[in-house]
Every structure is written in structure tokens, then in C-alpha cells.
$ cat data_30.cif   # mmCIF, C-alpha atoms
data_structure
#
loop_
_atom_site.label_atom_id
_atom_site.label_comp_id
_atom_site.auth_asym_id
_atom_site.auth_seq_id
_atom_site.Cartn_x
_atom_site.Cartn_y
_atom_site.Cartn_z
CA MET A 1 -1.34 6.84 -19.37
CA GLU A 2 -3.88 4.51 -17.77
CA THR A 3 -2.39 2.59 -14.83
CA ALA A 4 -5.48 0.82 -13.45
CA THR A 5 -7.25 -1.35 -16.02
CA ASP A 6 -9.01 -4.00 -13.90
CA GLY A 7 -12.72 -3.76 -13.25
CA ALA A 8 -14.48 -3.67 -9.91
CA CYS A 9 -14.04 -6.60 -7.49
CA SER A 10 -16.49 -7.91 -4.92
CA ALA A 11 -15.72 -6.73 -1.40
CA ASP A 12 -16.80 -10.18 -0.15
CA ALA A 13 -13.25 -11.34 -0.88
CA ILE A 14 -11.82 -8.91 1.69
CA GLY A 15 -13.02 -11.13 4.55
CA ASN A 16 -10.63 -10.43 7.44
CA LEU A 17 -10.28 -6.73 6.76
CA PRO A 18 -12.85 -4.22 7.97
CA LEU A 19 -14.78 -2.14 5.48
CA PRO A 20 -14.38 1.63 5.77
CA PRO A 21 -15.90 2.88 9.04
CA PRO A 22 -19.08 4.97 8.85
CA SER A 23 -17.12 7.93 10.27
CA TYR A 24 -15.16 8.26 7.00
CA LYS A 25 -16.30 10.98 4.65
CA VAL A 26 -17.98 9.72 1.46
CA ASN A 27 -18.41 11.40 -1.91
CA SER A 28 -21.74 12.50 -3.46
CA LYS A 29 -22.35 8.91 -4.62
CA GLY A 30 -21.82 7.51 -1.10
CA GLN A 31 -18.46 6.00 -2.10
CA THR A 32 -15.30 5.89 0.00
CA LEU A 33 -12.18 7.10 -1.86
CA VAL A 34 -8.76 6.26 -0.44
CA LEU A 35 -5.30 7.29 -1.63
CA GLY A 36 -2.48 4.92 -0.71
CA ILE A 37 1.27 5.52 -0.83
CA GLU A 38 3.71 2.58 -0.91
CA GLY A 39 7.48 3.00 -0.83
CA SER A 40 9.02 0.36 1.41
CA ALA A 41 11.80 -0.60 -1.00
CA ASN A 42 12.98 0.48 -4.46
CA LYS A 43 9.50 1.01 -5.94
CA VAL A 44 7.28 3.95 -5.02
CA GLY A 45 3.63 3.92 -6.00
CA VAL A 46 0.43 5.84 -5.36
CA GLY A 47 -2.97 4.22 -5.73
CA VAL A 48 -6.52 5.52 -5.55
CA LEU A 49 -9.15 2.98 -4.56
CA VAL A 50 -12.93 3.39 -4.38
CA TYR A 51 -15.34 1.34 -2.27
CA ASP A 52 -18.99 1.43 -3.36
CA PRO A 53 -21.42 0.25 -0.67
CA ASP A 54 -24.33 0.05 -3.14
CA THR A 55 -22.62 -2.61 -5.25
CA HIS A 56 -20.38 -3.86 -2.39
CA THR A 57 -17.35 -3.57 -4.70
CA TYR A 58 -13.98 -1.91 -4.68
CA GLN A 59 -11.89 -0.80 -7.64
CA THR A 60 -8.44 0.62 -8.21
CA LEU A 61 -8.89 3.85 -10.15
CA ALA A 62 -5.18 4.72 -10.53
CA ASN A 63 -1.83 3.13 -9.70
CA PRO A 64 1.17 5.07 -11.11
CA ARG A 65 4.62 4.04 -9.87
CA LYS A 66 8.35 4.53 -10.38
CA THR A 67 11.20 2.12 -9.71
CA TYR A 68 14.66 3.09 -8.52
CA VAL A 69 17.20 1.11 -10.53
CA ALA A 70 20.59 0.91 -8.82
CA PRO A 71 23.83 1.09 -10.81
CA VAL A 72 24.91 -2.23 -12.32
CA GLY A 73 26.63 -4.38 -9.73
CA HIS A 74 25.16 -2.52 -6.76
CA GLY A 75 22.09 -3.09 -4.66
CA PHE A 76 19.74 -0.27 -3.84
CA LEU A 77 20.77 1.58 -0.70
CA PRO A 78 18.32 3.33 1.66
CA LYS A 79 19.67 6.87 1.15
CA GLU A 80 19.66 6.82 -2.66
CA THR A 81 16.29 5.03 -2.71
CA ALA A 82 14.81 7.66 -0.38
CA TRP A 83 16.09 10.43 -2.67
CA HIS A 84 14.45 8.68 -5.63
CA HIS A 85 11.11 8.49 -3.81
CA GLN A 86 11.32 12.15 -2.74
CA ALA A 87 12.02 13.18 -6.34
CA HIS A 88 8.94 11.34 -7.70
CA ILE A 89 6.26 11.26 -4.98
CA VAL A 90 4.60 14.62 -5.74
CA ALA A 91 4.28 13.85 -9.47
CA LEU A 92 2.92 10.37 -8.68
CA ILE A 93 0.29 11.79 -6.32
CA ARG A 94 -0.76 14.31 -8.97
CA ALA A 95 -0.89 11.58 -11.63
CA ALA A 96 -3.00 9.29 -9.42
CA LEU A 97 -5.46 12.08 -8.57
CA ASP A 98 -5.68 13.16 -12.23
CA GLU A 99 -6.19 9.64 -13.56
CA SER A 100 -8.84 8.84 -10.94
CA GLN A 101 -10.48 12.26 -11.47
CA THR A 102 -10.35 12.82 -7.71
CA LEU A 103 -9.86 16.05 -5.81
CA PRO A 104 -7.79 15.74 -2.60
CA GLN A 105 -10.63 17.11 -0.50
CA ASP A 106 -12.88 14.26 -1.75
CA LEU A 107 -10.61 11.59 -0.24
CA SER A 108 -11.89 9.63 2.75
CA ALA A 109 -8.43 8.59 3.99
CA ILE A 110 -4.73 8.64 3.16
CA CYS A 111 -3.01 5.28 3.65
CA PHE A 112 0.73 4.69 3.73
CA THR A 113 3.11 1.81 4.29
CA GLN A 114 4.16 1.98 7.92
CA GLY A 115 6.54 -0.97 7.64
CA PRO A 116 8.30 -3.27 7.40
CA GLY A 117 10.74 -1.95 4.84
CA MET A 118 13.79 0.27 4.37
CA GLY A 119 13.82 3.18 6.83
CA GLY A 120 14.71 6.03 4.47
CA PRO A 121 12.15 5.23 1.76
CA LEU A 122 9.44 4.53 4.35
CA VAL A 123 10.02 7.90 6.05
CA SER A 124 9.98 9.74 2.70
CA CYS A 125 6.55 8.31 1.86
CA ALA A 126 5.21 8.74 5.41
CA VAL A 127 6.11 12.45 5.33
CA ALA A 128 4.25 12.86 2.02
CA ALA A 129 1.19 11.03 3.41
CA ARG A 130 1.19 13.04 6.64
CA THR A 131 1.55 16.29 4.72
CA LEU A 132 -1.49 15.49 2.56
CA ALA A 133 -3.52 14.34 5.55
CA LEU A 134 -2.76 17.53 7.49
CA GLN A 135 -3.22 19.85 4.52
CA PHE A 136 -6.68 18.48 3.66
CA ASP A 137 -7.73 17.32 7.17
CA ILE A 138 -8.07 13.68 6.07
CA PRO A 139 -7.60 10.65 8.36
CA LEU A 140 -4.18 8.98 8.09
CA VAL A 141 -4.01 5.14 8.13
CA GLY A 142 -0.76 3.20 8.55
CA VAL A 143 -0.66 -0.14 6.71
CA ASN A 144 1.54 -3.17 7.34
CA HIS A 145 3.34 -4.02 4.10
CA CYS A 146 3.33 -7.79 4.77
CA VAL A 147 -0.41 -7.83 5.52
CA GLY A 148 -1.02 -5.94 2.27
CA HIS A 149 0.74 -8.68 0.29
CA ILE A 150 -1.08 -11.43 2.17
CA GLU A 151 -4.48 -9.82 1.61
CA MET A 152 -3.80 -9.33 -2.12
CA GLY A 153 -2.90 -13.00 -2.38
CA ARG A 154 -5.96 -14.00 -0.39
CA VAL A 155 -8.25 -11.97 -2.64
CA ALA A 156 -6.58 -13.33 -5.81
CA THR A 157 -6.79 -16.97 -4.71
CA GLY A 158 -10.05 -16.89 -2.80
CA ALA A 159 -8.35 -18.42 0.27
CA SER A 160 -10.35 -17.76 3.42
CA ASP A 161 -7.94 -18.63 6.23
CA PRO A 162 -4.47 -19.38 4.85
CA VAL A 163 -1.22 -20.18 6.60
CA VAL A 164 1.27 -18.17 4.56
CA LEU A 165 4.96 -18.62 3.83
CA TYR A 166 5.81 -14.96 3.31
CA VAL A 167 9.05 -14.55 1.33
CA SER A 168 10.33 -11.11 0.35
CA GLY A 169 13.58 -9.18 0.17
CA GLY A 170 13.72 -8.54 3.89
CA ASN A 171 11.36 -11.05 5.47
CA THR A 172 10.87 -14.82 5.52
CA GLN A 173 8.03 -15.72 7.86
CA VAL A 174 5.24 -18.19 8.50
CA ILE A 175 2.15 -16.07 9.15
CA ALA A 176 -1.48 -16.91 9.93
CA TYR A 177 -4.60 -15.07 11.06
CA SER A 178 -5.54 -15.73 14.68
CA ASP A 179 -7.62 -13.80 17.24
CA GLN A 180 -8.45 -10.93 14.87
CA LYS A 181 -4.89 -10.22 13.70
CA TYR A 182 -2.06 -11.69 11.66
CA ARG A 183 0.54 -13.42 13.79
CA ILE A 184 4.07 -14.57 12.99
CA PHE A 185 4.52 -18.22 13.92
CA GLY A 186 8.11 -18.51 12.71
CA GLU A 187 10.78 -16.59 10.83
CA THR A 188 14.40 -16.71 9.77
CA ILE A 189 16.81 -15.42 12.40
CA ASP A 190 19.82 -14.83 10.17
CA ILE A 191 19.00 -13.65 6.60
CA ALA A 192 15.76 -13.50 4.64
CA ILE A 193 15.52 -15.69 1.55
CA GLY A 194 15.03 -12.64 -0.69
CA ASN A 195 18.17 -11.00 0.67
CA CYS A 196 20.07 -14.24 0.22
CA LEU A 197 19.02 -14.48 -3.44
CA ASP A 198 19.85 -10.81 -4.06
CA ARG A 199 23.42 -11.26 -2.89
#
$ encode --input "data_30.cif" --output "C-alpha cells"
Amino acid sequence: METATDGACSADAIGNLPLPPPSYKVNSKGQTLVLGIEGSANKVGVGVLVYDPDTHTYQTLANPRKTYVAPVGHGFLPKETAWHHQAHIVALIRAALDESQTLPQDLSAICFTQGPGMGGPLVSCAVAARTLALQFDIPLVGVNHCVGHIEMGRVATGASDPVVLYVSGGNTQVIAYSDQKYRIFGETIDIAIGNCLDR
């Protein structure tokens, strides 16, 4: 099953984020291939992305995922969600590598969600990422989940320097880019809007 159907996108839209460093291994075409693992909540996904310096584009080559669905009337709990991710992560990695026609040793980096998110699921995915990185001697890159969402929105909208109202299950924050990093300018101190709506 094909999970990545969009074409290549211009890397000009990335803006704030650095392009892959020259120290990263490239494939025979000079491209940087990165595998990313995301599992901060009830969904676990594995993506393979390629950056082509000749065309200055990036493209998602694969993006298989699985969602933990809690029993009716219950929210998803960290322990059960972590078990779900552990049960599916190996198959998802294999599916992403197969779909993208990538061998693990051809990867330039392994990225994983470092946080924020639910502890158990995050640890499950971090262990899988670290295992791959160690097994194939590939650099490991931790990614901030919130920044990932902000950057996707920035690329999709073409915004160059937004002030963002970030609303998710566990976070409600006002975030902006300042002095080469994203900074939180305000946040809820009791309950996030997403959590409030879930209850």
C-alpha cells in the first residue's frame, strides 16, 4: 500500500530549519535519506524523507502508521499505548523501508520524537530509533514534536515568521521564532485545551 503520494516540495519553504549538514552520508545520487519515528501519543508512524541538493527539494517516500484506539468510554493510557507502539514499530519500519526502496545502511540519519508527549510511547519509539542508529552506525536526531507541527504548518501556508497558537492534546502555547530558536511566550497553567475537549 502506498502511503506517500505527494510530489517533491521546494526546500525553500523550510526557512528556519537547517538543511542536512555536509557531514551526513549521502546516497549514490548525492541525496540525504532520513527515517523518522513519531509516537508521542496514540498514533505511531515511520516516515522516510529524501532531500535532493541538485533540485533543492525534499519528498516523503513512505509514511506508514498505526493508531491505538482505546476501548469505548476510555481515553488512551500511556502503558497500553506504549504496548501498541512496541507491537507495531518493527513492521512499520520494515514497511517504510520497503515502500521507499531504502536499505537501512543507506540512511543519513534516524530522527525520533524526543518530546513533548506521553512518556511510555515516547520511550518505546526512542528505543527503536536508538537501536537502529546503533545497529547501522547512523546519526540519531531528536526532534521536538511541537516544532514539527509548527514547521509543517509554516511550509503548508508559506508563512515566514509566524506567531503560533499551538493547541494539541497536551499543550496550549503561544510560540514564536526568536534568536534562532522557537520560544514559548505563554501557555496554559492548568489544563491544555485539547485535554479539556477530550474529557
$ resolve_selection --input "data_30.cif" --expression "the PyMOL selection byres ((chain A and resi 40) around 10)" --output "list in words"
Ile37, Glu38, Gly39, Ala41, Asn42, Lys43, Val44, Gly45, Pro78, Thr81, Ala82, His85, Phe112, Thr113, Gln114, Gly115, Pro116, Gly117, Met118, Gly119, Gly120, Pro121, Leu122, Val123, Ser124, Cys125 and His145 of chain A
$ atom_distance --input "data_30.cif" --atom1 "CA of Arg183 (chain A)" --atom2 "CA of Ala109 (chain A)"
25.7 Å
$ resolve_selection --input "data_30.cif" --expression "the PyMOL selection byres ((chain A and resi 164) around 6)" --output "PyMOL selection string"
chain A and resi 162-163+165-166+174-175
$ closest_residue --input "data_30.cif" --among "A:Ser160, A:Asn63, A:Asn171, A:Ser23" --to "Leu97 (chain A)" --atoms "all atoms listed in the file"
A:Asn63
$ atom_distance --input "data_30.cif" --atom1 "CA of Asp137 (chain A)" --atom2 "CA of Tyr51 (chain A)"
20.1 Å
$ atom_distance --input "data_30.cif" --atom1 "CA of Val72 (chain A)" --atom2 "CA of Ala192 (chain A)"
22.3 Å
$ closest_residue --input "data_30.cif" --among "A:Gly73, A:Gly148, A:Gly47, A:Pro139" --to "Ser108 (chain A)" --atoms "only C-alpha atoms"
A:Pro139
$ resolve_selection --input "data_30.cif" --expression "the PyMOL selection byres ((chain A and resi 59) around 12)" --output "list of chain:residue names"
A:Ala4, A:Thr5, A:Asp6, A:Gly7, A:Ala8, A:Cys9, A:Ser10, A:Ala11, A:Gln31, A:Thr32, A:Leu33, A:Val34, A:Gly47, A:Val48, A:Leu49, A:Val50, A:Tyr51, A:Asp52, A:Pro53, A:Thr55, A:His56, A:Thr57, A:Tyr58, A:Thr60, A:Leu61, A:Ala62, A:Asn63, A:Ser100
$ closest_residue --input "data_30.cif" --among "A:Lys25, A:Ala156, A:Gly36, A:Thr67" --to "Ala126 (chain A)" --atoms "all atoms listed in the file"
A:Gly36
$ axis_aligned_box --input "data_30.cif" --around "region 162-174 of chain A" --padding-each-side "5 Å" --output "JSON"
{"center_x": 4.6, "center_y": -14.4, "center_z": 4.3, "size_x": 28.2, "size_y": 21.6, "size_z": 18.3}
$ residues_near_point --input "data_30.cif" --point "(14.1, -8.9, 4.2)" --cutoff "8 Å" --atoms "only C-alpha atoms" --output "list in words"
Gly117, Ser168, Gly169, Gly170, Asn171, Thr172, Ile191, Ala192, Ile193, Gly194 and Asn195 of chain A
$ decode --input "data_30.cif" --residues "region 55-83 of chain A" --atoms "N, CA and C atoms" --output "compact mmCIF listing (two decimals), in the first residue's frame"
# COMPACT_ATOMS: atom_id res chain seq x y z
N THR A 55 18.10 19.45 -6.99
CA THR A 55 16.83 20.13 -7.29
C THR A 55 16.37 21.00 -6.13
N HIS A 56 17.10 20.95 -5.01
CA HIS A 56 16.76 21.69 -3.79
C HIS A 56 15.32 21.37 -3.36
N THR A 57 14.99 20.07 -3.37
CA THR A 57 13.65 19.62 -2.99
C THR A 57 13.75 18.50 -1.95
N TYR A 58 12.66 18.32 -1.25
CA TYR A 58 12.52 17.18 -0.35
C TYR A 58 11.21 16.50 -0.67
N GLN A 59 11.15 15.19 -0.36
CA GLN A 59 9.94 14.43 -0.65
C GLN A 59 9.80 13.30 0.36
N THR A 60 8.57 13.08 0.79
CA THR A 60 8.27 11.94 1.65
C THR A 60 8.09 10.72 0.76
N LEU A 61 8.91 9.71 0.99
CA LEU A 61 8.88 8.50 0.17
C LEU A 61 7.97 7.42 0.77
N ALA A 62 7.75 7.48 2.09
CA ALA A 62 6.90 6.50 2.77
C ALA A 62 6.44 7.09 4.09
N ASN A 63 5.24 6.70 4.52
CA ASN A 63 4.71 7.21 5.78
C ASN A 63 3.65 6.27 6.37
N PRO A 64 3.99 4.99 6.61
CA PRO A 64 3.01 4.08 7.21
C PRO A 64 2.80 4.40 8.69
N ARG A 65 1.59 4.16 9.18
CA ARG A 65 1.29 4.45 10.59
C ARG A 65 0.15 3.56 11.10
N LYS A 66 0.09 3.47 12.43
CA LYS A 66 -0.96 2.71 13.11
C LYS A 66 -1.48 3.55 14.27
N THR A 67 -2.76 3.46 14.52
CA THR A 67 -3.38 4.23 15.61
C THR A 67 -3.93 3.29 16.67
N TYR A 68 -3.58 3.57 17.93
CA TYR A 68 -4.15 2.83 19.05
C TYR A 68 -5.52 3.41 19.33
N VAL A 69 -6.54 2.57 19.29
CA VAL A 69 -7.90 3.00 19.59
C VAL A 69 -8.29 2.41 20.94
N ALA A 70 -8.52 3.29 21.90
CA ALA A 70 -8.87 2.85 23.26
C ALA A 70 -10.29 2.28 23.28
N PRO A 71 -10.58 1.44 24.28
CA PRO A 71 -11.95 0.94 24.42
C PRO A 71 -12.94 2.10 24.55
N VAL A 72 -14.15 1.88 24.08
CA VAL A 72 -15.19 2.91 24.12
C VAL A 72 -15.36 3.40 25.56
N GLY A 73 -15.39 4.70 25.72
CA GLY A 73 -15.59 5.29 27.03
C GLY A 73 -14.31 5.51 27.82
N HIS A 74 -13.17 5.14 27.24
CA HIS A 74 -11.89 5.29 27.92
C HIS A 74 -10.96 6.11 27.06
N GLY A 75 -10.09 6.86 27.68
CA GLY A 75 -9.03 7.53 26.95
C GLY A 75 -7.87 6.58 26.75
N PHE A 76 -6.90 6.98 25.96
CA PHE A 76 -5.73 6.11 25.81
C PHE A 76 -4.74 6.41 26.92
N LEU A 77 -4.31 5.34 27.57
CA LEU A 77 -3.40 5.44 28.71
C LEU A 77 -1.97 5.15 28.25
N PRO A 78 -0.97 5.74 28.91
CA PRO A 78 0.42 5.58 28.47
C PRO A 78 0.88 4.13 28.33
N LYS A 79 0.56 3.28 29.32
CA LYS A 79 1.06 1.91 29.29
C LYS A 79 0.51 1.13 28.10
N GLU A 80 -0.81 1.18 27.90
CA GLU A 80 -1.42 0.44 26.79
C GLU A 80 -0.98 1.01 25.44
N THR A 81 -0.83 2.33 25.38
CA THR A 81 -0.38 2.97 24.14
C THR A 81 1.05 2.56 23.83
N ALA A 82 1.90 2.50 24.84
CA ALA A 82 3.29 2.05 24.64
C ALA A 82 3.32 0.62 24.13
N TRP A 83 2.48 -0.25 24.70
CA TRP A 83 2.43 -1.64 24.24
C TRP A 83 2.04 -1.70 22.76
